[in-house]
Amino acid sequence: MNPTASTPPPALSVECTECAASITLERQPLCGEIVRCRECRAELEVTSVSPLRVELAPEVEEDWGE
Amino acid sequence: MRIALLHSRIRVEERLLLDELASLGIDHELIDVRELVFDIHDASRWTSLDAVIDRCIGQTQALAAVRVFERFGVRSVNPASVIEACGDKLTTSLLMARHEIPTPRTCIALDEASALAAVERIGYPAVLKPTTGSWGRLLARVNDRDAAEAVIEHKSTLGSVQHSVFYVQEYVPKPDRDLRVFVVGEEAICGIVRHSAHWITNTARGGVASVLEITPEIRDLCARAARAVAGSGGALLAIDLLEAPGRGLLVSEINHTMEFRNSIAPTGVNIPRRMIEWVVATSPASAARGPAPSTGAPSAPSTLTPVPASPRSRASLIEELKLGHWAAFDAHSRTEVA
Ligand SMILES: [Zn+2]
C-alpha cells in the first residue's frame, strides 16, 4: 500500500492505548513525538505515522536527566 | 548550513527547536538515536553536517553518539565534555569549586562508613544525592545521625554502581523558590523563578514559574559557570541557582539538555530561537570545515563566507542578529574541562 497523490492525508486521530479515548492531534506528528491523552493524561509516543499508531511512552529511566 | 537534531522521543522542546530550524530556513534532519548505526570507520554519511544538536533524553546514549560525531569532525551542541561536566553532579561540583564559583558545600565518599563521616563533616541537615539523574528525584534530606545511617544503608543495599558514590551536600535553607537561568553561549538570556512549598523545587514536579530579572550578579555568575563547564564561548545550559541567606547566589545544578517549554511564556523570550541562532552563529560552515581534527573537538569558525544553498546563511544571520561576538567562539579552550 504505497501512499500516492490521490491518498487522503493520514488521519490525525488515534485511540489511547491506556483508556481508549480518541486522541486528535492538531498537526501532523513526527515518529517519536510525545502526545498526551487529555482523558487519562498518559504520555504516548507516536511509533508510526501512517497508519498513525501510539504506544505508552517509557517511564523515566535511571540516566535520564535534563 | 546543515544541522541535525539528535533525539530519542520528540517532546515539546524538540518540536519547538525543529520549528525554529524550519522558520530560519536552515537545512536540517532528525536523527533518532534509537535507530542510529555508526560505522566508526566511515564518517561519510555524516560529513555534510555542520552541527548536531543533542536532545536525547538518555544521557548514556547521548554521550556515546556525541563522542562519535565529534570524532567524525561534526560539532556537537552540547559537546561531550559539557554533557560529562553537567551530567554528573560530582564533576559539576568539582568544576565550580575549582573555578571558585559559589556552590553548596559538598563532600564525596565512596563507602558506607566514610559516607557517614562525610555527612557529619557537612553537618545537619544534609542532603544526599545521586550523582546523575535529575528532575528532583532520589534526593534525601537527613536531619540527624539516625536518618543518615538509614539512608546510607538503604542506598548501598540498592546495589547500583552509582549509589556507592555518596554525594553529600549542605542543605541550603532557601526561600520557597529557586531560580533557573537559561544560558546561550555565555549569556544569561532569561530566567524563571520556580515557587514550591516543597524543598525540592522543579518544574518537572509541578512548580509554578514566573519571570526572573537577570541582575548583573546573575549575569556574571552564569557566565562564569558556563565557562567553567564549557570553556570560553559557553554552551546551551540551564543553570539552577539557590538564594542562600547571607551568602548570595549559589550555583546548584547545570543542565545540558534544558527543558524550556514552560519558560517561554513567563519570560517572553523565544528560547528555542535563541538556541538555534547561537548554534548557527558558532558553527563552522560546511565549506570551511577541514578534515576531522584528531582531538575530536570541533574547529572554530574560520570564515563568514555565506552558504549559497540556504535561504539564510550563517553570515547573514550573524549580520542580521548582530551576533558578531559569538563568531569568536573558541571550541578548543574547553580542554580545561577534560
Ligand atoms: Zn487515555
# chains A, B, ... in the order shown; residues from 1 in each chain; ligands from 1
>>> residues_around(residues="segment 10-26 of chain B", least_positions_apart="4", cutoff="10 Å", atoms="only C-alpha atoms", output="JSON, numbers by chain")
{"A": [29, 30, 31, 32, 33, 34, 35, 45, 46], "B": [1, 2, 3, 4, 5, 6, 30, 32, 53, 54, 55, 56, 57, 257, 258, 259, 260, 261, 262, 270, 271, 272, 273, 274, 275, 276, 277, 280, 309, 310, 311, 312, 313, 314, 317]}
>>> select_by_dssp(residues="segment 8-244 of chain B", states="alpha helix (DSSP H)", output="compact mmCIF listing (two decimals) with N, CA, C and O atoms, in the first residue's frame")
# COMPACT_ATOMS: atom_id res chain seq x y z
N VAL B 12 7.92 18.49 23.46
CA VAL B 12 7.57 19.83 23.02
C VAL B 12 8.83 20.62 22.68
O VAL B 12 8.88 21.35 21.68
N GLU B 13 9.88 20.47 23.49
CA GLU B 13 11.12 21.21 23.25
C GLU B 13 11.71 20.91 21.88
O GLU B 13 12.14 21.80 21.15
N GLU B 14 11.75 19.62 21.54
CA GLU B 14 12.34 19.24 20.25
C GLU B 14 11.50 19.78 19.10
O GLU B 14 12.01 20.23 18.08
N ARG B 15 10.18 19.72 19.29
CA ARG B 15 9.29 20.24 18.25
C ARG B 15 9.52 21.74 18.05
O ARG B 15 9.55 22.23 16.94
N LEU B 16 9.69 22.46 19.13
CA LEU B 16 9.92 23.91 19.03
C LEU B 16 11.26 24.20 18.35
O LEU B 16 11.37 25.13 17.55
N LEU B 17 12.28 23.40 18.66
CA LEU B 17 13.58 23.60 18.00
C LEU B 17 13.47 23.31 16.50
O LEU B 17 14.03 24.05 15.68
N LEU B 18 12.72 22.28 16.16
CA LEU B 18 12.52 21.96 14.74
C LEU B 18 11.79 23.10 14.03
O LEU B 18 12.12 23.48 12.91
N ASP B 19 10.78 23.64 14.71
CA ASP B 19 10.02 24.76 14.11
C ASP B 19 10.94 25.95 13.86
O ASP B 19 10.82 26.64 12.84
N GLU B 20 11.86 26.19 14.78
CA GLU B 20 12.78 27.33 14.60
C GLU B 20 13.78 27.06 13.46
O GLU B 20 14.10 27.96 12.70
N LEU B 21 14.26 25.83 13.38
CA LEU B 21 15.15 25.48 12.26
C LEU B 21 14.44 25.73 10.94
O LEU B 21 15.00 26.30 10.01
N ALA B 22 13.17 25.32 10.89
CA ALA B 22 12.40 25.49 9.66
C ALA B 22 12.15 26.96 9.37
O ALA B 22 12.33 27.43 8.24
N SER B 23 11.77 27.72 10.39
CA SER B 23 11.41 29.11 10.13
C SER B 23 12.64 29.96 9.81
O SER B 23 12.53 30.98 9.14
N GLN B 59 21.12 9.94 28.83
CA GLN B 59 22.45 10.54 28.77
C GLN B 59 23.51 9.57 28.26
O GLN B 59 24.46 9.97 27.59
N THR B 60 23.36 8.30 28.57
CA THR B 60 24.35 7.32 28.13
C THR B 60 24.36 7.24 26.61
O THR B 60 25.42 7.24 25.97
N GLN B 61 23.17 7.16 26.03
CA GLN B 61 23.06 7.14 24.57
C GLN B 61 23.61 8.42 23.97
O GLN B 61 24.35 8.41 22.99
N ALA B 62 23.23 9.54 24.55
CA ALA B 62 23.65 10.84 24.03
C ALA B 62 25.17 10.94 23.99
O ALA B 62 25.76 11.31 22.98
N LEU B 63 25.77 10.55 25.09
CA LEU B 63 27.21 10.70 25.20
C LEU B 63 27.94 9.82 24.18
O LEU B 63 28.89 10.26 23.52
N ALA B 64 27.48 8.60 24.00
CA ALA B 64 28.11 7.71 23.03
C ALA B 64 27.99 8.28 21.62
O ALA B 64 28.96 8.36 20.87
N ALA B 65 26.78 8.70 21.26
CA ALA B 65 26.56 9.23 19.91
C ALA B 65 27.38 10.50 19.68
O ALA B 65 28.01 10.67 18.63
N VAL B 66 27.38 11.36 20.67
CA VAL B 66 28.08 12.64 20.53
C VAL B 66 29.60 12.43 20.40
O VAL B 66 30.27 13.11 19.64
N ARG B 67 30.10 11.45 21.13
CA ARG B 67 31.54 11.15 21.01
C ARG B 67 31.88 10.73 19.59
O ARG B 67 32.91 11.12 19.04
N VAL B 68 31.01 9.93 18.99
CA VAL B 68 31.26 9.50 17.61
C VAL B 68 31.21 10.71 16.67
O VAL B 68 32.11 10.91 15.86
N PHE B 69 30.18 11.51 16.81
CA PHE B 69 30.07 12.69 15.93
C PHE B 69 31.31 13.58 16.06
O PHE B 69 31.85 14.07 15.07
N GLU B 70 31.75 13.79 17.27
CA GLU B 70 32.91 14.66 17.45
C GLU B 70 34.17 14.05 16.84
O GLU B 70 34.96 14.75 16.22
N ARG B 71 34.32 12.74 16.96
CA ARG B 71 35.48 12.08 16.34
C ARG B 71 35.39 12.16 14.83
O ARG B 71 36.41 12.15 14.14
N ALA B 80 30.51 16.66 24.05
CA ALA B 80 30.62 15.57 25.03
C ALA B 80 31.18 16.07 26.36
O ALA B 80 30.73 15.66 27.43
N SER B 81 32.14 16.98 26.28
CA SER B 81 32.77 17.46 27.52
C SER B 81 31.75 18.17 28.42
O SER B 81 31.81 18.07 29.65
N VAL B 82 30.80 18.86 27.79
CA VAL B 82 29.78 19.57 28.58
C VAL B 82 28.75 18.58 29.14
O VAL B 82 28.30 18.71 30.28
N ILE B 83 28.40 17.58 28.33
CA ILE B 83 27.47 16.56 28.82
C ILE B 83 28.09 15.86 30.03
O ILE B 83 27.43 15.62 31.04
N GLU B 84 29.37 15.56 29.94
CA GLU B 84 30.06 14.91 31.05
C GLU B 84 30.13 15.82 32.28
O GLU B 84 29.91 15.38 33.40
N ALA B 85 30.42 17.09 32.02
CA ALA B 85 30.57 18.03 33.14
C ALA B 85 29.24 18.29 33.85
O ALA B 85 29.21 18.45 35.06
N CYS B 86 28.16 18.34 33.07
CA CYS B 86 26.86 18.66 33.66
C CYS B 86 26.08 17.42 34.08
O CYS B 86 25.24 17.48 34.97
N GLY B 87 26.34 16.31 33.40
CA GLY B 87 25.54 15.11 33.65
C GLY B 87 25.93 14.40 34.93
O GLY B 87 25.21 13.51 35.39
N LYS B 89 26.93 15.18 38.83
CA LYS B 89 26.97 16.26 39.84
C LYS B 89 28.35 16.41 40.45
O LYS B 89 28.77 17.51 40.80
N LEU B 90 29.05 15.28 40.59
CA LEU B 90 30.39 15.35 41.15
C LEU B 90 31.30 16.22 40.27
O LEU B 90 32.01 17.10 40.76
N THR B 91 31.25 15.97 38.97
CA THR B 91 32.09 16.75 38.06
C THR B 91 31.69 18.22 38.09
O THR B 91 32.55 19.11 38.12
N THR B 92 30.39 18.47 38.06
CA THR B 92 29.93 19.86 38.10
C THR B 92 30.46 20.55 39.36
O THR B 92 31.02 21.65 39.30
N SER B 93 30.29 19.88 40.49
CA SER B 93 30.72 20.49 41.76
C SER B 93 32.23 20.73 41.77
O SER B 93 32.70 21.76 42.26
N LEU B 94 32.97 19.77 41.24
CA LEU B 94 34.43 19.92 41.20
C LEU B 94 34.82 21.14 40.36
O LEU B 94 35.72 21.90 40.73
N LEU B 95 34.12 21.31 39.24
CA LEU B 95 34.43 22.46 38.37
C LEU B 95 34.06 23.78 39.05
O LEU B 95 34.79 24.76 38.94
N MET B 96 32.92 23.78 39.75
CA MET B 96 32.53 25.00 40.44
C MET B 96 33.57 25.34 41.51
O MET B 96 34.01 26.48 41.64
N ALA B 97 33.97 24.33 42.26
CA ALA B 97 34.94 24.56 43.32
C ALA B 97 36.27 25.05 42.76
O ALA B 97 36.87 26.00 43.27
N ARG B 98 36.70 24.40 41.69
CA ARG B 98 37.99 24.76 41.11
C ARG B 98 38.00 26.19 40.58
O ARG B 98 39.01 26.88 40.64
N GLU B 112 30.20 3.15 52.78
CA GLU B 112 29.18 3.47 53.79
C GLU B 112 29.75 4.17 55.02
O GLU B 112 29.20 5.16 55.49
N ALA B 113 30.84 3.62 55.54
CA ALA B 113 31.41 4.19 56.76
C ALA B 113 31.88 5.62 56.53
O ALA B 113 31.62 6.52 57.33
N SER B 114 32.55 5.82 55.41
CA SER B 114 33.05 7.17 55.14
C SER B 114 31.90 8.10 54.75
O SER B 114 32.00 9.32 54.93
N ALA B 115 30.80 7.54 54.22
CA ALA B 115 29.65 8.38 53.88
C ALA B 115 29.10 9.04 55.14
O ALA B 115 28.75 10.23 55.13
N LEU B 116 29.06 8.28 56.20
CA LEU B 116 28.57 8.85 57.46
C LEU B 116 29.52 9.95 57.95
O LEU B 116 29.08 11.01 58.40
N ALA B 117 30.80 9.71 57.77
CA ALA B 117 31.79 10.73 58.14
C ALA B 117 31.60 11.99 57.28
O ALA B 117 31.74 13.11 57.77
N ALA B 118 31.27 11.77 56.00
CA ALA B 118 31.05 12.91 55.11
C ALA B 118 29.84 13.73 55.56
O ALA B 118 29.87 14.96 55.58
N VAL B 119 28.77 13.03 55.95
CA VAL B 119 27.57 13.72 56.43
C VAL B 119 27.89 14.51 57.70
O VAL B 119 27.51 15.67 57.84
N GLU B 120 28.63 13.88 58.59
CA GLU B 120 28.99 14.56 59.84
C GLU B 120 29.85 15.79 59.57
O GLU B 120 29.75 16.80 60.26
N ARG B 121 30.68 15.69 58.58
CA ARG B 121 31.54 16.81 58.22
C ARG B 121 30.71 17.98 57.69
O ARG B 121 30.97 19.14 58.02
N ILE B 122 29.72 17.65 56.86
CA ILE B 122 28.83 18.70 56.32
C ILE B 122 27.96 19.27 57.43
O ILE B 122 27.71 20.47 57.51
N ARG B 145 21.83 11.89 62.78
CA ARG B 145 22.69 10.74 62.51
C ARG B 145 21.88 9.47 62.21
O ARG B 145 22.23 8.70 61.31
N ASP B 146 20.78 9.28 62.93
CA ASP B 146 19.95 8.09 62.68
C ASP B 146 19.43 8.08 61.24
O ASP B 146 19.48 7.06 60.56
N ALA B 147 18.94 9.23 60.81
CA ALA B 147 18.41 9.32 59.45
C ALA B 147 19.52 9.09 58.44
O ALA B 147 19.32 8.40 57.43
N ALA B 148 20.69 9.65 58.73
CA ALA B 148 21.81 9.48 57.81
C ALA B 148 22.18 8.01 57.68
O ALA B 148 22.37 7.49 56.57
N GLU B 149 22.26 7.32 58.80
CA GLU B 149 22.60 5.89 58.76
C GLU B 149 21.58 5.10 57.97
O GLU B 149 21.93 4.24 57.16
N ALA B 150 20.30 5.42 58.16
CA ALA B 150 19.23 4.70 57.45
C ALA B 150 19.34 4.92 55.95
O ALA B 150 19.24 3.98 55.16
N VAL B 151 19.54 6.15 55.55
CA VAL B 151 19.62 6.46 54.12
C VAL B 151 20.85 5.82 53.49
O VAL B 151 20.78 5.24 52.40
N ILE B 152 21.96 5.90 54.19
CA ILE B 152 23.20 5.35 53.65
C ILE B 152 23.08 3.83 53.48
O ILE B 152 23.47 3.27 52.46
N GLU B 153 22.48 3.19 54.47
CA GLU B 153 22.31 1.74 54.38
C GLU B 153 21.39 1.38 53.22
O GLU B 153 21.68 0.48 52.44
N HIS B 154 20.33 2.15 53.09
CA HIS B 154 19.38 1.89 52.01
C HIS B 154 20.04 2.09 50.65
O HIS B 154 19.90 1.28 49.76
N LYS B 155 20.79 3.15 50.53
CA LYS B 155 21.43 3.43 49.25
C LYS B 155 22.42 2.34 48.86
O LYS B 155 22.49 1.94 47.72
N SER B 156 23.17 1.86 49.84
CA SER B 156 24.17 0.85 49.47
C SER B 156 23.51 -0.50 49.20
O SER B 156 24.02 -1.27 48.40
N THR B 157 22.36 -0.77 49.81
CA THR B 157 21.71 -2.05 49.52
C THR B 157 21.01 -2.02 48.17
O THR B 157 20.66 -3.07 47.64
N LEU B 158 20.78 -0.84 47.62
CA LEU B 158 20.18 -0.78 46.29
C LEU B 158 21.11 -1.42 45.25
O LEU B 158 20.67 -1.87 44.21
N PRO B 216 22.95 41.99 37.27
CA PRO B 216 24.37 41.86 36.95
C PRO B 216 25.02 40.69 37.69
O PRO B 216 25.88 40.01 37.14
N GLU B 217 24.60 40.46 38.94
CA GLU B 217 25.17 39.34 39.70
C GLU B 217 24.85 38.01 39.02
O GLU B 217 25.72 37.15 38.88
N ILE B 218 23.60 37.85 38.58
CA ILE B 218 23.20 36.61 37.92
C ILE B 218 23.94 36.47 36.59
O ILE B 218 24.45 35.39 36.26
N ARG B 219 24.02 37.57 35.86
CA ARG B 219 24.69 37.54 34.57
C ARG B 219 26.15 37.08 34.71
O ARG B 219 26.62 36.21 34.00
N ASP B 220 26.81 37.67 35.69
CA ASP B 220 28.22 37.37 35.90
C ASP B 220 28.43 35.93 36.40
O ASP B 220 29.27 35.19 35.90
N LEU B 221 27.60 35.54 37.36
CA LEU B 221 27.72 34.19 37.94
C LEU B 221 27.49 33.13 36.86
O LEU B 221 28.22 32.13 36.77
N CYS B 222 26.47 33.34 36.03
CA CYS B 222 26.14 32.35 35.00
C CYS B 222 27.20 32.29 33.91
O CYS B 222 27.51 31.21 33.39
N ALA B 223 27.77 33.44 33.58
CA ALA B 223 28.84 33.44 32.57
C ALA B 223 30.04 32.65 33.10
O ALA B 223 30.64 31.84 32.38
N ARG B 224 30.34 32.85 34.37
CA ARG B 224 31.47 32.12 34.96
C ARG B 224 31.19 30.63 35.03
O ARG B 224 32.06 29.80 34.75
N ALA B 225 29.96 30.29 35.41
CA ALA B 225 29.60 28.86 35.49
C ALA B 225 29.63 28.22 34.11
O ALA B 225 30.10 27.09 33.95
N ALA B 226 29.15 28.95 33.11
CA ALA B 226 29.14 28.42 31.74
C ALA B 226 30.57 28.18 31.26
O ALA B 226 30.88 27.16 30.65
N ARG B 227 31.45 29.13 31.57
CA ARG B 227 32.86 28.96 31.17
C ARG B 227 33.50 27.80 31.93
O ARG B 227 34.33 27.08 31.39
N ALA B 228 33.09 27.61 33.17
CA ALA B 228 33.68 26.54 33.97
C ALA B 228 33.34 25.16 33.39
O ALA B 228 34.18 24.27 33.37
N VAL B 229 32.12 24.98 32.90
CA VAL B 229 31.75 23.66 32.37
C VAL B 229 32.03 23.52 30.87
O VAL B 229 32.18 22.41 30.37
N ALA B 230 32.08 24.65 30.16
CA ALA B 230 32.16 24.56 28.70
C ALA B 230 33.37 25.28 28.12
O ALA B 230 33.59 25.21 26.91
>>> residues_near_ligand(ligand="ligand 1", cutoff="8 Å", atoms="only C-alpha atoms and all ligand atoms", output="list in words")
Glu15, Cys16, Thr17, Glu18, Cys19, Ala20, Ala21, Ser22, Ile23, Arg36, Cys37, Arg38, Glu39, Cys40, Arg41 and Ala42 of chain A
>>> residues_around(residues="Val172 of chain B", least_positions_apart="6", cutoff="10 Å", atoms="only C-alpha atoms", output="VMD selection string")
chain B and resid 104 to 105 125 to 127 199 242 to 245 250 252
>>> write_last_selection(atoms="all heavy atoms", output="short mmCIF file (atom, residue, chain, number, x, y, z; two decimals), in the first residue's frame")
data_model
loop_
_atom_site.label_atom_id
_atom_site.label_comp_id
_atom_site.auth_asym_id
_atom_site.auth_seq_id
_atom_site.Cartn_x
_atom_site.Cartn_y
_atom_site.Cartn_z
N PRO B 104 26.91 25.06 46.82
CA PRO B 104 26.75 24.48 48.15
C PRO B 104 27.95 23.62 48.53
O PRO B 104 28.57 22.98 47.68
CB PRO B 104 25.49 23.60 48.00
CG PRO B 104 24.74 24.21 46.88
CD PRO B 104 25.78 24.73 45.93
N ARG B 105 28.27 23.62 49.82
CA ARG B 105 29.39 22.80 50.30
C ARG B 105 29.10 21.33 50.04
O ARG B 105 28.01 20.83 50.32
CB ARG B 105 29.60 23.00 51.80
CG ARG B 105 30.57 24.12 52.11
CD ARG B 105 30.93 24.11 53.59
NE ARG B 105 31.68 22.92 53.97
CZ ARG B 105 31.44 22.20 55.07
NH1 ARG B 105 30.49 22.54 55.90
NH2 ARG B 105 32.18 21.15 55.35
N PRO B 125 21.02 19.92 58.78
CA PRO B 125 20.63 18.87 57.84
C PRO B 125 21.55 18.82 56.64
O PRO B 125 22.10 19.82 56.23
CB PRO B 125 19.21 19.28 57.42
CG PRO B 125 19.15 20.75 57.68
CD PRO B 125 20.11 21.07 58.77
N ALA B 126 21.69 17.61 56.11
CA ALA B 126 22.49 17.42 54.89
C ALA B 126 21.60 16.76 53.84
O ALA B 126 20.55 16.20 54.16
CB ALA B 126 23.70 16.53 55.19
N VAL B 127 22.03 16.88 52.61
CA VAL B 127 21.27 16.28 51.51
C VAL B 127 22.16 15.25 50.82
O VAL B 127 23.30 15.55 50.47
CB VAL B 127 20.81 17.35 50.49
CG1 VAL B 127 19.99 16.72 49.38
CG2 VAL B 127 20.01 18.44 51.19
N TRP B 199 10.69 21.37 49.45
CA TRP B 199 12.09 21.81 49.34
C TRP B 199 12.74 21.41 48.03
O TRP B 199 13.77 21.95 47.65
CB TRP B 199 12.90 21.32 50.53
CG TRP B 199 13.03 19.84 50.66
CD1 TRP B 199 12.08 18.99 51.14
CD2 TRP B 199 14.13 19.03 50.27
NE1 TRP B 199 12.53 17.71 51.09
CE2 TRP B 199 13.78 17.69 50.58
CE3 TRP B 199 15.39 19.29 49.72
CZ2 TRP B 199 14.64 16.62 50.33
CZ3 TRP B 199 16.24 18.23 49.48
CH2 TRP B 199 15.87 16.91 49.78
N LEU B 242 20.60 28.88 43.81
CA LEU B 242 19.94 28.91 45.12
C LEU B 242 20.25 30.26 45.77
O LEU B 242 21.36 30.77 45.66
CB LEU B 242 20.50 27.81 46.02
CG LEU B 242 20.27 26.35 45.62
CD1 LEU B 242 20.99 25.45 46.61
CD2 LEU B 242 18.79 26.04 45.58
N GLU B 243 19.26 30.80 46.45
CA GLU B 243 19.47 32.03 47.21
C GLU B 243 19.81 31.64 48.64
O GLU B 243 18.92 31.25 49.40
CB GLU B 243 18.21 32.88 47.20
CG GLU B 243 17.79 33.32 45.81
CD GLU B 243 16.33 33.75 45.79
OE1 GLU B 243 15.45 32.87 45.87
OE2 GLU B 243 16.08 34.95 45.69
N ALA B 244 21.07 31.71 48.96
CA ALA B 244 21.48 31.30 50.30
C ALA B 244 21.49 32.52 51.20
O ALA B 244 22.21 33.48 50.92
CB ALA B 244 22.86 30.66 50.25
N PRO B 245 20.71 32.49 52.27
CA PRO B 245 20.65 33.66 53.16
C PRO B 245 22.04 34.07 53.63
O PRO B 245 22.81 33.25 54.12
CB PRO B 245 19.79 33.16 54.33
CG PRO B 245 18.97 32.06 53.74
CD PRO B 245 19.85 31.40 52.70
N LEU B 250 24.08 30.80 44.88
CA LEU B 250 24.95 29.64 44.72
C LEU B 250 24.51 28.88 43.47
O LEU B 250 23.31 28.75 43.21
CB LEU B 250 24.82 28.68 45.92
CG LEU B 250 24.94 29.25 47.32
CD1 LEU B 250 24.76 28.13 48.35
CD2 LEU B 250 26.29 29.93 47.52
N SER B 252 23.64 25.60 41.90
CA SER B 252 23.35 24.28 42.45
C SER B 252 23.43 23.19 41.40
O SER B 252 23.93 22.11 41.67
CB SER B 252 22.00 24.25 43.16
OG SER B 252 20.94 24.18 42.26
#
>>> residues_around(residues="His41 of chain B", least_positions_apart="3", cutoff="12 Å", atoms="only C-alpha atoms", output="ChimeraX atom specification")
/B:37-38,44-46,68,71-72
>>> residues_around(residues="Val14 of chain A", least_positions_apart="3", cutoff="8 Å", atoms="only C-alpha atoms", output="compact mmCIF listing (two decimals) with C-alpha atoms, in the first residue's frame")
# COMPACT_ATOMS: atom_id res chain seq x y z
CA ALA A 11 -5.66 10.51 9.94
CA SER A 22 -9.90 9.18 20.99
CA ILE A 23 -6.86 11.46 20.71
CA THR A 24 -6.96 14.09 17.99
CA LEU A 52 -0.99 6.52 12.98
CA ARG A 53 -0.04 4.39 15.98
CA VAL A 54 0.88 5.23 19.55
>>> select_by_dssp(residues="segment 10-65 of chain A", states="strand (DSSP E)", output="count of residues only")
19
>>> atom_distance(atom1="atom CA of Asn78 of chain B", atom2="atom CA of Ile254 of chain B")
12.4 Å
